[in-house]
Amino acid sequence: MSAILRALLYRDLLLAWRRRSDVATTVLFFVIVVSLFPLGVGPEPGLLRTIAPGVIWVAALLASMLALTRMFESDHADGTLDQMLLAAAPLGMLVIARAFAHWLVTGLPLVVLAPVLALQFDLPAGLLPTLAGSLLLGTPVLSLVGAIGAALTLGLRGGGILLALLVLPLYVPALIIGAGALDAAASGQGAQAHFLLLTALLVLAGAFAPWAISAALRISAE
Amino acid sequence: MLEAHELEATRGDATLFTGLGFTLRPGTLLRVTGANGSGKTSLLRALCGLLLPSAGEVRWNGENIRALREEYWKCLAYVGHANALKDDLTAEENLKVACALSGRSVSAAQSRLALESFGLVGRSHLAARALSQGQRRRAALARLAVSEALPLWILDEPFAALDAKAVEQVQSLAGEHLARGGMVVLTSHQEMNVAATSVTDVNLDR
């Protein structure tokens with residue numbers, strides 16, 4: 001079974017590499033959205049420091065969502081999804097591999113870039129590990145929860161907007177806890193409670209999302 | 001042994017077929033015929049377990065395939081209407097992924113041989129998007145050349161877009177598969193000439 005997952009992960013990463021521009025658009029979108037705020041709000045360090053966590057997290061949310069439509073769409077269109085549904089391994093495992101590949105190419109770059117972009121907001125250097133850590137725990141949740149929406153809207157006309165309406169509200173807990181981690185760390189409380197909550201969210205999503213995604217994919221094939 | 005019991009499928013309000021039953025024993029070819037829209041693809045998808053029939057059940061060696069799931073799919077090679085090829089991967093990479101999904105690994109030599117038998121020599125390193133329609137179909141069907149171990153083949157319009165030589169190749173592969181005790185289910189609008197000692201026909205036209 002692990003051979004199947006490895007093969008699927010390898011395939012997804014290979015496809016991402018062959019379509020590097022798709023990956024680059026997501027990352028650039030994140031960079032540009034985050035950079036627009038200091039330009040729009042103006043050079044006021046106090047204000048920028050206050051809005052930084054929220055802005056970076058919202059941009060990460062949107063960037064992660066941008067790539068969701070691609071998650072199952074092409075597999076659905078070219079018939080590969082049927083082969084995945086008929087695979088020799090449980091579908092739940094295959095979708096975990098799929099979501100993990102999605103996170104590697106869209107979530108992980110955000111985790112790496114966020115501390116650099118945070119410099120524009122004059123975020124204290126001591127908070128940068130907290131920022132990266134919260135994104136490291138939070139972005140996999142976005143990929144897993146987003147995959148549920150992507151599977152549910154598969155093959156629908158205008159699925160893109162519907163996907164946003166469906167998924168963004170589900171992102172709210174991750175957003176509140178993730179951005180809150182920075183505020184807590186800045187006020188000297190420490191972000192440990194928030195990290196634990198994010199981990200709990202990740203465990204919850206990891207346990208239940210594959211099941212929901214599989215069910216949605218099976219319905220879309222009928 | 002594959003059994004269909006009182007199968008019924010509907011599309012919207014229309015009933016495609018109802019009360020359909022047959023038994024497919026090792027070494028038997030099942031030909032599904034019918035006009036466009038008569039439900040051939042739906043029947044095949046129901047046999048695969050992709051489509052939940054509105055009534056009846058499909059059994060594999062006596063057990064409902066809904067309960068068997070992966071156990072059944074391990075025995076199945078399905079080539080659908082769509083080719084299941086990734087445009088950005090080469091024919092060889094596509095073949096490897098398809099085999100991995102069904103739980104097998106193919107060596108480089110095996111996959112090259114399979115692609116060669118379908119006349120894709122020298123094109124195995126071309127991205128699938130650069131292949132013609134017929135070549136894409138060939139690349140999809142090349143999976144059969146490395147699927148001897150899977151007892152049940154379900155092929156939806158395998159001959160569509162193929163030239164005479166490739167049609168012959170698919171027919172001979174299916175013939176060999178039947179000869180070694182495999183089972184083949186296929187739909188086709190063309191006259192086919194598969195060497196089979198035992199043939200079951202299902203006609204969906206009423």
# chains A, B, ... in the order shown; residues from 1 in each chain; ligands from 1
$ interface_residues --of "chain B" --to "chain A" --cutoff "6 Å" --atoms "only C-alpha atoms" --output "PyMOL selection string"
chain B and resi 51+70+73-74+82+84+100-103
$ write_last_selection --atoms "N, CA and C atoms" --output "PDB file, in the first residue's frame"
ATOM      1  N   LEU B  51     -20.488   2.989 -10.084  1.00  0.00           N
ATOM      2  CA  LEU B  51     -21.862   3.473 -10.086  1.00  0.00           C
ATOM      3  C   LEU B  51     -22.684   2.548  -9.206  1.00  0.00           C
ATOM      4  N   GLU B  70     -11.635  -2.980  -2.068  1.00  0.00           N
ATOM      5  CA  GLU B  70     -10.258  -3.110  -2.587  1.00  0.00           C
ATOM      6  C   GLU B  70      -9.922  -4.542  -2.996  1.00  0.00           C
ATOM      7  N   TRP B  73     -11.192  -4.720  -6.431  1.00  0.00           N
ATOM      8  CA  TRP B  73     -10.499  -3.828  -7.360  1.00  0.00           C
ATOM      9  C   TRP B  73      -9.084  -4.294  -7.660  1.00  0.00           C
ATOM     10  N   LYS B  74      -8.521  -5.089  -6.743  1.00  0.00           N
ATOM     11  CA  LYS B  74      -7.197  -5.658  -6.985  1.00  0.00           C
ATOM     12  C   LYS B  74      -7.224  -6.622  -8.165  1.00  0.00           C
ATOM     13  N   ALA B  82     -12.673   7.639 -20.940  1.00  0.00           N
ATOM     14  CA  ALA B  82     -11.549   8.561 -20.827  1.00  0.00           C
ATOM     15  C   ALA B  82     -10.272   7.732 -20.698  1.00  0.00           C
ATOM     16  N   ALA B  84      -7.536   8.326 -19.022  1.00  0.00           N
ATOM     17  CA  ALA B  84      -6.816   8.393 -17.743  1.00  0.00           C
ATOM     18  C   ALA B  84      -5.330   8.643 -17.943  1.00  0.00           C
ATOM     19  N   ALA B 100       0.875   1.246 -10.649  1.00  0.00           N
ATOM     20  CA  ALA B 100       1.060   1.431  -9.213  1.00  0.00           C
ATOM     21  C   ALA B 100      -0.284   1.544  -8.517  1.00  0.00           C
ATOM     22  N   LEU B 101      -1.234   2.255  -9.150  1.00  0.00           N
ATOM     23  CA  LEU B 101      -2.549   2.425  -8.529  1.00  0.00           C
ATOM     24  C   LEU B 101      -3.255   1.091  -8.339  1.00  0.00           C
ATOM     25  N   SER B 102      -3.022   0.156  -9.275  1.00  0.00           N
ATOM     26  CA  SER B 102      -3.679  -1.137  -9.106  1.00  0.00           C
ATOM     27  C   SER B 102      -2.797  -2.082  -8.292  1.00  0.00           C
ATOM     28  N   GLY B 103      -1.799  -1.516  -7.624  1.00  0.00           N
ATOM     29  CA  GLY B 103      -1.045  -2.278  -6.648  1.00  0.00           C
ATOM     30  C   GLY B 103       0.069  -3.127  -7.212  1.00  0.00           C
TER      31      GLY B 103
END
$ select_by_dssp --residues "segment 49-206 of chain B" --states "helix (DSSP H, G or I)" --output "PyMOL selection string"
chain B and resi 65-68+70-73+91-101+108-117+128-130+133-146+164-179
$ residues_around --residues "Ala200 of chain A" --least-positions-apart "6" --cutoff "12 Å" --atoms "only C-alpha atoms" --output "MDAnalysis selection string"
chainID A and resid 137:138 141 173:174 177 193:194 206:207
$ residues_around --residues "Gln135 of chain B" --least-positions-apart "3" --cutoff "9 Å" --atoms "only C-alpha atoms" --output "VMD selection string"
chain B and resid 118 to 120 128 131 to 132 138 to 140 161 to 162
$ residues_around --residues "Ala130 of chain B" --least-positions-apart "5" --cutoff "12 Å" --atoms "only C-alpha atoms" --output "list of chain:residue names"
B:Leu85, B:Lys86, B:Asp87, B:Asp88, B:Leu89, B:Thr90, B:Ala91, B:Arg123, B:Ser124, B:His125, B:Gln135, B:Arg136
$ atom_distance --atom1 "atom CA of Phe22 of chain B" --atom2 "atom CA of Ala160 of chain B"
25.7 Å
$ select_by_dssp --residues "segment 64-107 of chain B" --states "strand (DSSP E)" --output "ChimeraX atom specification"
/B:64,76-79
$ write_last_selection --atoms "N, CA and C atoms" --output "PDB file, in the first residue's frame"
ATOM      1  N   ASN B  64     -20.807  -9.622  -2.637  1.00  0.00           N
ATOM      2  CA  ASN B  64     -21.142  -8.318  -3.178  1.00  0.00           C
ATOM      3  C   ASN B  64     -19.877  -7.447  -3.291  1.00  0.00           C
ATOM      4  N   LEU B  76      -9.121  -6.211 -10.873  1.00  0.00           N
ATOM      5  CA  LEU B  76      -9.825  -5.564 -11.984  1.00  0.00           C
ATOM      6  C   LEU B  76      -8.920  -4.603 -12.755  1.00  0.00           C
ATOM      7  N   ALA B  77      -8.986  -4.719 -14.090  1.00  0.00           N
ATOM      8  CA  ALA B  77      -8.371  -3.694 -14.937  1.00  0.00           C
ATOM      9  C   ALA B  77      -9.499  -3.019 -15.710  1.00  0.00           C
ATOM     10  N   TYR B  78      -9.656  -1.715 -15.500  1.00  0.00           N
ATOM     11  CA  TYR B  78     -10.743  -0.986 -16.157  1.00  0.00           C
ATOM     12  C   TYR B  78     -10.157   0.070 -17.082  1.00  0.00           C
ATOM     13  N   VAL B  79     -10.509  -0.010 -18.355  1.00  0.00           N
ATOM     14  CA  VAL B  79     -10.134   1.059 -19.283  1.00  0.00           C
ATOM     15  C   VAL B  79     -11.431   1.723 -19.712  1.00  0.00           C
TER      16      VAL B  79
END
$ closest_residue --among "B:Leu141, B:Val121, B:Ile154, B:Val202" --to "Leu186 of chain B" --atoms "only C-alpha atoms"
B:Ile154
$ closest_residue --among "B:Leu44, B:Ala145, B:Leu7, B:Ala55" --to "Glu157 of chain B" --atoms "only C-alpha atoms"
B:Leu44
$ closest_residue --among "B:Leu150, B:Ala164, B:Ala4, B:Ala14" --to "Gly56 of chain B" --atoms "only C-alpha atoms"
B:Ala4
$ residues_around --residues "Arg66 of chain B" --least-positions-apart "4" --cutoff "9 Å" --atoms "only C-alpha atoms" --output "PDB file with C-alpha atoms, in the first residue's frame"
ATOM      1  CA  GLY B  49     -18.414  -0.492  -8.581  1.00  0.00           C
ATOM      2  CA  LEU B  52     -24.314   2.328  -7.462  1.00  0.00           C
ATOM      3  CA  GLU B  57     -26.079  -6.191  -6.989  1.00  0.00           C
ATOM      4  CA  VAL B  58     -22.840  -7.300  -8.587  1.00  0.00           C
ATOM      5  CA  ARG B  59     -21.042 -10.254  -7.028  1.00  0.00           C
ATOM      6  CA  TYR B  72     -12.297  -6.780  -5.812  1.00  0.00           C
TER       7      TYR B  72
END
$ residues_around --residues "Gly34 of chain B" --least-positions-apart "3" --cutoff "9 Å" --atoms "only C-alpha atoms" --output "ChimeraX atom specification"
/B:37-40,187-189,202-206
